[in-house]
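data17.txt follows (compact mmCIF, C-alpha atoms):
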# COMPACT_ATOMS: atom_id res chain seq x y z
CA MET A 157 4.86 -21.91 -84.51
CA ARG A 158 5.88 -23.66 -81.33
CA GLU A 159 9.51 -23.14 -82.11
CA ALA A 160 8.85 -19.46 -82.81
CA ARG A 161 7.08 -19.07 -79.47
CA GLU A 162 9.96 -20.78 -77.65
CA GLU A 163 12.43 -18.48 -79.40
CA ASN A 164 10.42 -15.40 -78.33
CA VAL A 165 10.34 -16.64 -74.73
CA MET A 166 14.11 -17.11 -74.73
CA THR A 167 14.54 -13.64 -76.14
CA ASP A 168 12.34 -12.16 -73.38
CA ASN A 169 14.27 -14.06 -70.73
CA ASN A 170 17.58 -12.76 -72.04
CA GLN A 171 16.30 -9.21 -72.04
CA GLN A 172 14.99 -9.56 -68.47
CA TYR A 173 18.34 -11.01 -67.36
CA LYS A 174 20.27 -8.14 -68.92
CA TRP A 175 17.87 -5.66 -67.34
CA ARG A 176 18.36 -7.23 -63.89
CA GLN A 177 22.16 -7.19 -64.35
CA ARG A 178 22.08 -3.54 -65.34
CA LYS A 179 19.87 -2.69 -62.37
CA GLN A 180 22.25 -4.47 -59.97
CA ARG A 181 25.23 -2.60 -61.42
CA ASN A 182 23.40 0.71 -61.07
CA THR A 183 22.46 -0.15 -57.49
CA ARG A 184 26.02 -1.03 -56.56
CA LEU A 185 27.27 2.15 -58.21
CA GLY A 186 24.71 4.17 -56.30
CA VAL A 187 25.79 2.55 -53.05
CA TRP A 188 29.44 3.34 -53.77
CA ILE A 189 28.58 6.93 -54.63
CA VAL A 190 26.61 7.31 -51.42
CA ALA A 191 29.45 5.71 -49.44
CA VAL A 192 32.01 8.04 -50.99
CA ILE A 193 29.82 11.03 -50.22
CA LEU A 194 29.31 9.91 -46.63
CA VAL A 195 33.03 9.34 -46.11
CA SER A 196 33.84 12.69 -47.68
CA VAL A 197 31.24 14.52 -45.61
CA GLY A 198 32.27 12.66 -42.49
CA GLY A 199 35.95 13.42 -43.09
CA THR A 200 35.19 17.08 -43.66
CA PHE A 201 32.98 17.05 -40.58
CA VAL A 202 35.76 15.58 -38.40
CA TYR A 203 38.51 17.68 -40.00
CA GLU A 204 36.70 20.98 -39.48
CA GLY A 205 35.66 20.00 -35.97
CA LEU A 206 39.18 19.06 -34.91
CA ARG A 207 40.73 22.06 -36.65
CA ASP A 208 38.60 24.59 -34.84
CA SER A 209 39.00 22.81 -31.51
CA ASP A 210 42.75 23.55 -31.43
CA PRO A 211 43.23 27.16 -30.17
CA GLN A 212 46.85 27.39 -31.31
CA ARG A 213 45.92 26.37 -34.84
CA VAL A 214 43.16 28.98 -34.91
CA ALA A 215 45.65 31.62 -33.76
CA GLU A 216 48.29 30.54 -36.30
CA GLU A 217 45.81 30.72 -39.19
CA TYR A 218 44.81 34.20 -38.11
CA VAL A 219 48.43 35.42 -37.99
CA LYS A 220 49.17 33.97 -41.43
CA ALA A 221 46.06 35.58 -42.94
CA ALA A 222 46.54 38.94 -41.21
CA THR A 223 50.28 39.39 -41.73
CA GLY A 224 51.14 37.22 -44.73
CA VAL A 225 54.07 35.68 -42.86
CA GLU A 226 54.63 31.94 -42.75
CA SER A 227 57.58 31.78 -40.37
CA PHE A 228 57.12 32.73 -36.74
CA THR A 229 57.67 31.53 -33.20
CA VAL A 230 54.78 31.09 -30.82
CA GLU A 231 54.80 31.01 -27.03
CA ALA A 232 51.72 29.71 -25.23
CA GLY A 233 50.71 31.63 -22.13
CA ASP A 234 48.66 30.44 -19.18
CA ARG A 235 45.09 29.30 -19.66
CA SER A 236 42.64 31.18 -17.42
CA LEU A 237 38.93 31.67 -16.80
CA ASN A 238 37.12 34.88 -17.68
CA ALA A 239 34.16 36.47 -15.91
CA ASP A 240 31.76 34.27 -17.93
CA ASN A 241 33.55 31.13 -16.74
CA GLN A 242 35.02 30.54 -20.21
CA PHE A 243 38.57 29.39 -20.80
CA VAL A 244 40.89 32.04 -22.26
CA GLN A 245 44.16 31.01 -23.89
CA ASP A 246 46.92 33.54 -24.66
CA TYR A 247 49.64 33.22 -27.32
CA THR A 248 52.54 35.50 -28.17
CA PHE A 249 53.73 35.41 -31.80
CA THR A 250 57.11 36.79 -32.83
CA TYR A 251 57.94 37.34 -36.50
CA THR A 252 59.89 39.65 -38.80
CA VAL A 253 58.25 42.15 -41.12
CA ASP A 254 60.35 44.42 -43.35
CA GLY A 255 63.46 43.48 -41.41
CA LYS A 256 61.97 44.46 -38.04
CA GLU A 257 61.09 41.93 -35.37
CA THR A 258 57.50 42.28 -34.22
CA SER A 259 55.57 40.67 -31.40
CA GLN A 260 51.81 40.17 -31.28
CA ARG A 261 49.74 38.83 -28.41
CA LEU A 262 46.46 37.06 -29.13
CA SER A 263 43.74 35.86 -26.77
CA LEU A 264 41.28 33.13 -27.72
CA THR A 265 38.08 32.29 -25.85
CA GLN A 266 36.49 28.83 -25.71
CA GLN A 267 32.83 29.10 -26.72
CA GLN A 268 30.02 27.58 -24.68
CA GLU A 269 28.40 26.00 -27.77
CA LYS A 270 30.25 23.07 -29.33
CA LYS A 271 30.60 22.75 -33.11
CA TYR A 272 28.35 19.98 -34.49
CA GLY A 273 27.51 19.35 -30.84
CA LEU A 274 30.84 17.52 -30.42
CA PHE A 275 33.86 19.76 -30.90
CA ASP A 276 35.17 22.72 -28.87
CA GLN A 277 35.18 26.09 -30.59
CA TRP A 278 37.77 28.83 -29.98
CA THR A 279 37.28 32.35 -31.24
CA LEU A 280 39.78 35.15 -31.45
CA GLN A 281 39.21 38.19 -29.31
CA ALA A 282 39.15 41.29 -31.46
CA ALA A 283 42.61 42.83 -31.59
CA GLY A 284 42.78 45.84 -29.34
CA ALA A 285 39.32 45.31 -27.92
CA ASN A 286 40.62 45.95 -24.39
CA ALA A 287 43.63 48.07 -25.35
CA VAL A 288 44.37 51.15 -23.25
CA ASP A 289 46.81 54.06 -23.15
CA MET A 290 48.82 54.27 -19.93
CA ASP A 291 52.02 55.44 -18.22
CA LEU A 292 54.61 53.03 -16.85
CA ILE A 293 57.30 54.20 -14.38
CA VAL A 294 60.36 52.00 -13.79
CA PRO A 295 63.84 52.46 -12.26
CA ALA A 296 66.47 53.78 -14.63
CA GLY A 297 68.82 51.24 -16.15
CA VAL A 298 66.59 48.16 -15.91
CA GLN A 299 65.38 46.00 -18.79
CA VAL A 300 61.65 46.33 -19.48
CA LEU A 301 59.78 43.66 -21.45
CA ILE A 302 56.10 43.72 -22.41
CA ASP A 303 55.01 40.35 -23.73
CA GLY A 304 58.70 39.64 -24.26
CA VAL A 305 59.44 42.79 -26.28
CA SER A 306 61.16 45.99 -25.10
CA PRO A 307 59.13 49.21 -25.53
CA ASP A 308 60.39 51.49 -28.25
CA GLU A 309 62.70 54.24 -26.96
CA SER A 310 60.40 56.79 -28.58
CA SER A 311 57.80 55.97 -25.90
CA ILE A 312 60.08 57.37 -23.15
CA GLU A 313 58.65 60.69 -21.95
CA GLU A 314 60.67 63.40 -20.27
CA ASP A 315 59.29 64.18 -16.81
CA ASP A 316 60.93 66.81 -14.60
CA THR A 317 58.76 65.77 -11.66
CA LEU A 318 60.38 62.33 -11.50
CA SER A 319 63.58 61.43 -9.69
CA PRO A 320 66.54 61.08 -12.10
CA GLY A 321 66.59 57.41 -11.04
CA ALA A 322 63.28 56.71 -12.80
CA ILE A 323 61.94 56.57 -16.37
CA ARG A 324 58.38 57.12 -17.60
CA TYR A 325 57.08 55.20 -20.61
CA LYS A 326 54.04 56.53 -22.47
CA LEU A 327 52.40 53.34 -23.73
CA THR A 328 49.59 53.37 -26.30
CA SER A 329 47.13 50.61 -27.23
CA VAL A 330 48.45 48.00 -24.82
CA GLU A 331 46.45 45.16 -23.32
CA PRO A 332 46.12 45.47 -19.51
CA THR A 333 46.71 41.71 -19.24
CA ALA A 334 49.99 41.92 -21.14
CA LYS A 335 52.92 40.30 -19.33
CA LEU A 336 55.36 42.79 -17.76
CA GLN A 337 58.93 41.80 -16.87
CA ILE A 338 61.61 43.89 -15.12
CA ASN A 339 65.20 42.61 -15.05
CA GLY A 340 68.53 44.02 -13.89
CA LEU A 341 70.61 44.50 -10.74
CA PRO A 342 70.06 45.29 -7.97
CA PHE A 343 66.53 43.98 -8.37
CA GLU A 344 65.03 40.54 -8.26
CA SER A 345 63.38 39.73 -11.58
CA TYR A 346 59.79 40.95 -11.48
CA GLU A 347 56.79 39.61 -13.39
CA GLY A 348 53.30 41.05 -13.44
CA THR A 349 50.76 42.61 -15.77
CA LEU A 350 49.97 46.14 -16.94
CA GLU A 351 46.67 46.22 -15.09
CA THR A 352 46.04 49.50 -13.29
CA SER A 353 42.98 51.41 -12.14
CA ASN A 354 44.11 54.96 -12.95
CA GLY A 355 46.21 54.69 -16.11
CA LEU A 356 49.50 54.85 -14.20
CA LEU A 357 51.64 51.90 -13.08
CA ASP A 358 54.70 52.68 -10.92
CA VAL A 359 56.54 49.42 -10.22
CA ARG A 360 59.38 50.88 -8.13
CA ASP A 361 57.74 50.00 -4.82
CA ARG A 362 57.11 46.44 -6.01
CA LEU A 363 60.76 45.63 -6.65
CA GLU A 364 63.02 43.86 -4.15
CA VAL A 365 66.80 43.63 -3.84
CA SER A 366 68.01 40.42 -5.44
CA GLU A 367 70.09 37.79 -3.66
CA ASN A 368 72.88 38.28 -6.21
CA ALA A 369 73.04 42.00 -5.39
CA LYS A 370 73.05 41.28 -1.64
CA VAL A 371 75.97 38.86 -1.99
CA GLN A 372 77.82 41.37 -4.16
CA MET A 373 77.42 44.20 -1.63
CA GLU A 374 78.35 41.98 1.34
CA GLU A 375 81.55 40.80 -0.37
CA ILE A 376 82.51 44.38 -1.23
CA GLY A 377 81.95 45.47 2.39
CA LYS A 378 84.02 42.60 3.82
CA SER A 379 86.80 43.26 1.34
CA MET A 380 86.91 46.98 2.21
CA ILE A 381 87.19 46.31 5.96
CA ASN A 382 90.10 43.91 5.47
CA GLU A 383 91.80 46.15 2.91
CA LEU A 384 91.60 49.23 5.16
CA TYR A 385 93.10 47.52 8.21
CA THR A 386 95.80 45.78 6.16
CA ALA A 387 96.87 49.09 4.60
CA VAL A 388 97.06 50.84 8.00
CA MET A 389 99.08 48.02 9.62
CA GLN A 390 101.49 47.93 6.67
CA GLY A 391 102.19 51.65 6.98
CA LYS A 392 100.54 52.63 3.71
CA THR A 393 98.42 55.74 3.03
CA SER A 394 94.82 56.29 1.95
CA ALA A 395 96.07 56.83 -1.60
CA ASP A 396 97.01 53.14 -1.66
CA LEU A 397 93.43 52.00 -1.13
CA GLY A 398 91.88 50.20 -4.09
CA GLU A 399 89.00 50.63 -6.51
CA SER A 400 86.25 50.08 -3.94
CA PHE A 401 87.33 53.28 -2.10
CA ALA A 402 87.57 55.38 -5.29
CA GLN A 403 84.17 57.10 -4.80
CA VAL A 404 84.31 57.28 -0.97
CA PRO A 405 84.79 61.00 -0.17
CA ASN A 406 85.72 60.43 3.49
CA LYS A 407 88.37 57.77 2.89
CA ASP A 408 91.21 60.05 4.13
CA ASN A 409 89.46 60.71 7.45
CA LEU A 410 88.49 57.05 7.68
CA PHE A 411 92.11 55.99 7.19
CA LYS A 412 93.32 58.45 9.85
CA ALA A 413 90.69 57.26 12.35
CA ILE A 414 91.69 53.60 11.98
CA SER A 415 95.39 54.51 12.12
CA SER A 416 94.84 56.45 15.39
CA ASN A 417 92.91 53.52 16.79
CA LEU A 418 95.69 51.01 16.06
CA PHE A 419 98.78 53.09 16.86
CA ARG A 420 100.03 55.15 19.80
CA GLY A 421 102.87 56.98 18.18
CA ASP A 422 104.79 54.26 16.39
CA GLU A 423 103.58 51.49 18.66
CA LEU A 424 100.95 49.07 17.37
CA GLN A 425 98.21 48.57 19.94
CA ALA A 426 96.50 45.54 18.35
CA ASP A 427 97.88 42.63 16.33
CA ASP A 428 96.59 39.41 14.73
CA ILE A 429 93.25 41.08 13.96
CA THR A 430 90.54 38.81 12.59
CA PHE A 431 86.99 39.54 11.37
CA GLU A 432 84.31 36.85 11.11
CA GLY A 433 80.60 36.14 11.45
CA PHE A 434 79.47 38.80 8.99
CA GLU A 435 75.73 39.52 8.98
CA PRO A 436 74.35 42.14 6.55
CA VAL A 437 71.10 44.06 6.96
CA PHE A 438 69.82 46.02 3.96
CA GLY A 439 67.75 49.18 4.07
CA ASP A 440 65.08 50.30 1.63
CA ILE A 441 65.97 51.19 -1.93
CA TYR A 442 66.23 54.93 -2.41
CA TYR A 443 66.45 57.20 -5.45
CA PRO A 444 68.37 60.43 -6.10
CA GLY A 445 67.05 63.93 -5.60
CA ARG A 446 65.93 65.99 -8.55
CA ASP A 447 69.30 67.73 -9.02
CA GLU A 448 71.42 64.58 -8.73
CA GLU A 449 72.55 62.18 -11.42
CA SER A 450 70.66 58.96 -12.04
CA TYR A 451 71.30 56.02 -9.69
CA ILE A 452 69.66 53.43 -7.45
CA GLY A 453 70.81 53.56 -3.82
CA ILE A 454 70.92 50.95 -1.04
CA GLU A 455 72.21 51.16 2.54
CA MET A 456 73.86 48.11 4.13
CA LYS A 457 74.76 47.67 7.82
CA LEU A 458 77.33 44.90 8.24
CA SER A 459 77.69 43.35 11.70
CA TYR A 460 80.68 41.15 12.53
CA THR A 461 82.89 39.83 15.31
CA CYS A 462 86.40 41.27 15.81
CA SER A 463 89.27 39.55 17.68
CA TYR A 464 92.85 40.73 18.21
CA GLU A 465 95.94 40.43 20.39
CA GLN A 466 97.27 43.42 22.37
CA GLY A 467 100.38 44.88 20.80
CA GLU A 468 103.61 44.69 22.90
CA ALA A 469 105.11 47.98 24.12
CA GLU A 470 108.20 48.45 26.31
CA THR A 471 107.41 50.05 29.70
CA GLU A 472 109.39 50.87 32.89
CA SER A 473 107.76 47.99 34.75
CA GLU A 474 108.96 45.56 32.08
CA THR A 475 112.52 46.97 32.38
CA GLU A 476 112.51 46.48 36.15
CA THR A 477 111.41 42.88 35.82
CA GLU A 478 114.31 41.92 33.60
CA THR A 479 116.25 40.72 36.69
CA GLU A 480 113.38 38.57 37.95
CA THR A 481 113.36 34.82 37.46
CA GLU A 482 112.25 33.34 34.15
CA ALA A 483 109.26 31.67 35.75
CA GLU A 484 107.98 34.94 37.22
CA SER A 485 108.39 36.69 33.84
CA GLU A 486 106.42 34.00 32.03
CA SER A 487 103.66 34.19 34.64
CA GLU A 488 103.36 37.98 34.29
CA THR A 489 103.32 37.74 30.48
CA ASP A 490 100.52 35.19 30.51
CA THR A 491 98.48 37.31 32.93
CA GLU A 492 99.01 40.46 30.84
CA THR A 493 97.93 38.71 27.62
CA GLU A 494 94.76 37.41 29.20
CA ASN A 495 93.85 40.88 30.49
CA THR A 496 94.57 42.86 27.32
CA ALA A 497 93.50 40.63 24.39
CA GLY A 498 90.28 41.66 22.56
CA SER A 499 88.18 38.59 21.87
CA GLY A 500 84.79 38.37 20.15
CA GLU A 501 83.87 42.06 20.20
CA GLN A 502 80.79 42.96 18.17
CA LYS A 503 81.23 45.69 15.53
CA GLU A 504 79.02 47.26 12.89
CA ALA A 505 80.05 49.01 9.69
CA THR A 506 77.75 51.00 7.40
CA PHE A 507 78.05 51.24 3.62
CA TYR A 508 76.06 53.22 1.06
CA PHE A 509 75.92 51.72 -2.44
CA ARG A 510 74.84 53.10 -5.79
CA TYR A 511 73.95 50.97 -8.78
CA GLN A 512 74.76 53.11 -11.78
CA ASP A 513 75.24 52.15 -15.43
CA GLY A 514 75.46 48.49 -14.43
CA ASN A 515 78.17 49.11 -11.79
CA CYS A 516 78.02 48.78 -8.01
CA ILE A 517 79.73 51.80 -6.40
CA VAL A 518 80.40 52.56 -2.72
CA THR A 519 79.74 56.24 -2.03
CA SER A 520 80.22 56.26 1.76
CA ALA A 521 81.66 53.94 4.40
CA GLU A 522 81.71 54.03 8.20
CA ILE A 523 84.09 51.42 9.63
CA PRO A 524 84.73 51.33 13.41
CA GLY A 525 88.07 50.78 15.15
CA VAL A 526 88.89 47.51 16.85
CA ILE A 527 89.90 48.96 20.25

Let me see the structure of the file written as structure tokens.
Amino acid sequence: MREAREENVMTDNNQQYKWRQRKQRNTRLGVWIVAVILVSVGGTFVYEGLRDSDPQRVAEEYVKAATGVESFTVEAGDRSLNADNQFVQDYTFTYTVDGKETSQRLSLTQQQEKKYGLFDQWTLQAAGANAVDMDLIVPAGVQVLIDGVSPDESSIEEDDTLSPGAIRYKLTSVEPTAKLQINGLPFESYEGTLETSNGLLDVRDRLEVSENAKVQMEEIGKSMINELYTAVMQGKTSADLGESFAQVPNKDNLFKAISSNLFRGDELQADDITFEGFEPVFGDIYYPGRDEESYIGIEMKLSYTCSYEQGEAETESETETETETEAESESETDTETENTAGSGEQKEATFYFRYQDGNCIVTSAEIPGVI
């Protein structure tokens, strides 16, 4: 009996041991399951928080879902504050759909409430929420870019009330904050937005003459002055003047005036002529009248210093002095040169330029004589 009782006790102990082992295994398994769940939830928590805190990623996911394209370029714009003191981030996406390049501008706003209390949230502004229809007037011949893309030519509207030197674009569903760029001579590159209070934006008065255009016009003016005087002194005619004079209607009269200034009969009145110290002054940009062809006009006044030596002409007094001593002749010659040489005289020429079809053309020139 005793042995039987001892055997039963051993059996109970074994069963209790196995039960404890099984319970420990179940506990460890439960701990691992809970740990895996916590890691998974925590990873998802962090992943979603970080994903939505990146405005560019939010914008990219929207573009992919809305257009179905996977390949695009993205340009980040400036980050600004809106009226509610929230950050606004702009992006411009460029991609190709059905063989045509398309550009889309998106604005994202940083929300006041953080996700999970830790992560920033950025939401997409509804496309076209602030879109407007408007007119844009620009000089003819310039490049126009809106958010980096040229307006379609079909948006150009004929307008008989405008100068031929201007173009009107009829823009539909554009964002007022869209970036506007104007490029092309004779203007300095211009950047702004499409914001306007009356649905019309005329940028002509906002444009300035570029430094490149100023240098170009100054060099043309200097070249024309030197070319004109060289041709006259070499006995050429106005027909020999070069390309810069091709559109100058008064070039024949101009040539005759300079020739009369330099010569008395066949005798040259001024020699060794030099021009230096050029200083240009540019007038306001002007546009053609309604019945003229399209161009952009600029006036330039070019001041400079002119020096020359008096030309030698035989006179009766010089003939009479041929018998005088060599010393007296040299003295008279020196005195005559000092009294007749033109040194450092200030002159001013005026030129009228047209920028037309990418070319700089002189349409009128007024160049003074040296004497």

* To do: Would you mind listing what lies within 8 Å of Asn417 (chain A) as a VMD selection string, with all atoms listed in the file counted and same-chain residues fewer than 5 positions away left out?
  => chain A and resid 425 525 to 527

* Find the spatial neighbours of Gln267 (chain A), counting all atoms listed in the file, within a cut-off of 9 Å - ignore same-chain residues fewer than 5 positions away - and output them as an NGL selection string. => :A and (242-243 or 276-279)

* Asked: Restricting the calculation to all atoms listed in the file, which member of A:Gln403, A:Thr506, A:Ser259, A:Thr333 is positioned closest to Val305 (chain A)?
  ->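 Using all atoms listed in the file, the shortest distance to Val305 (chain A) belongs to A:Ser259.
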
* To do: Mind giving me the straight-line distance from CA of Thr349 (chain A) to CA of Val298 (chain A) in Å, one decimal?
  => 16.8 Å

* What is the distance between CA of Val225 (chain A) and CA of Arg261 (chain A), in Å to one decimal? ->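 Answer for the CA of Val225 (chain A) to CA of Arg261 (chain A) separation: 15.4 Å.
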
* Asked: In Å, how far is it from CA of Ala369 (chain A) to CA of Tyr443 (chain A)?
  -> 16.6 Å

Here's a test: counting all atoms listed in the file, identify every protein, DNA and RNA residue with an atom at most 6 Å from (74.2, 50.1, -0.1) in the file's coordinate frame, and state them as a CSV table (one decimal) with C-alpha atoms, in the frame of the given file.
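That gives us point-v6.csv:
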chain,number,residue,atom,x,y,z
A,454,ILE,CA,70.9,51.0,-1.0
A,455,GLU,CA,72.2,51.2,2.5
A,456,MET,CA,73.9,48.1,4.1
A,507,PHE,CA,78.0,51.2,3.6
A,508,TYR,CA,76.1,53.2,1.1
A,509,PHE,CA,75.9,51.7,-2.4

* For Lys220 (chain A), which of A:Tyr464, A:Tyr251, A:Gly391, A:Ala413 is the closest residue, counting all atoms listed in the file? -> A:Tyr251

* Asked: Leaving out Leu458 (chain A) and any residue of its chain fewer than 5 positions from it, which residues lie within 8 Å of it when counting all atoms listed in the file, given as a PyMOL selection string?
  -> chain A and resi 374+377+434-437+504-507

Give the centre and edge lengths of an axis-aligned box, in Å to one decimal, that holds all listed atoms of region 439-443 of chain A with 3 Å on each side, as JSON.
{"center_x": 66.4, "center_y": 53.2, "center_z": -0.7, "size_x": 8.7, "size_y": 14.0, "size_z": 15.5}

* To do: Go through A:Ser311, A:Ser366, A:Gln512, A:Gln390 one by one, measure the shortest atom-to-atom distance of each to Arg324 (chain A) using all atoms listed in the file, and give the residue with the smallest value.
  => A:Ser311
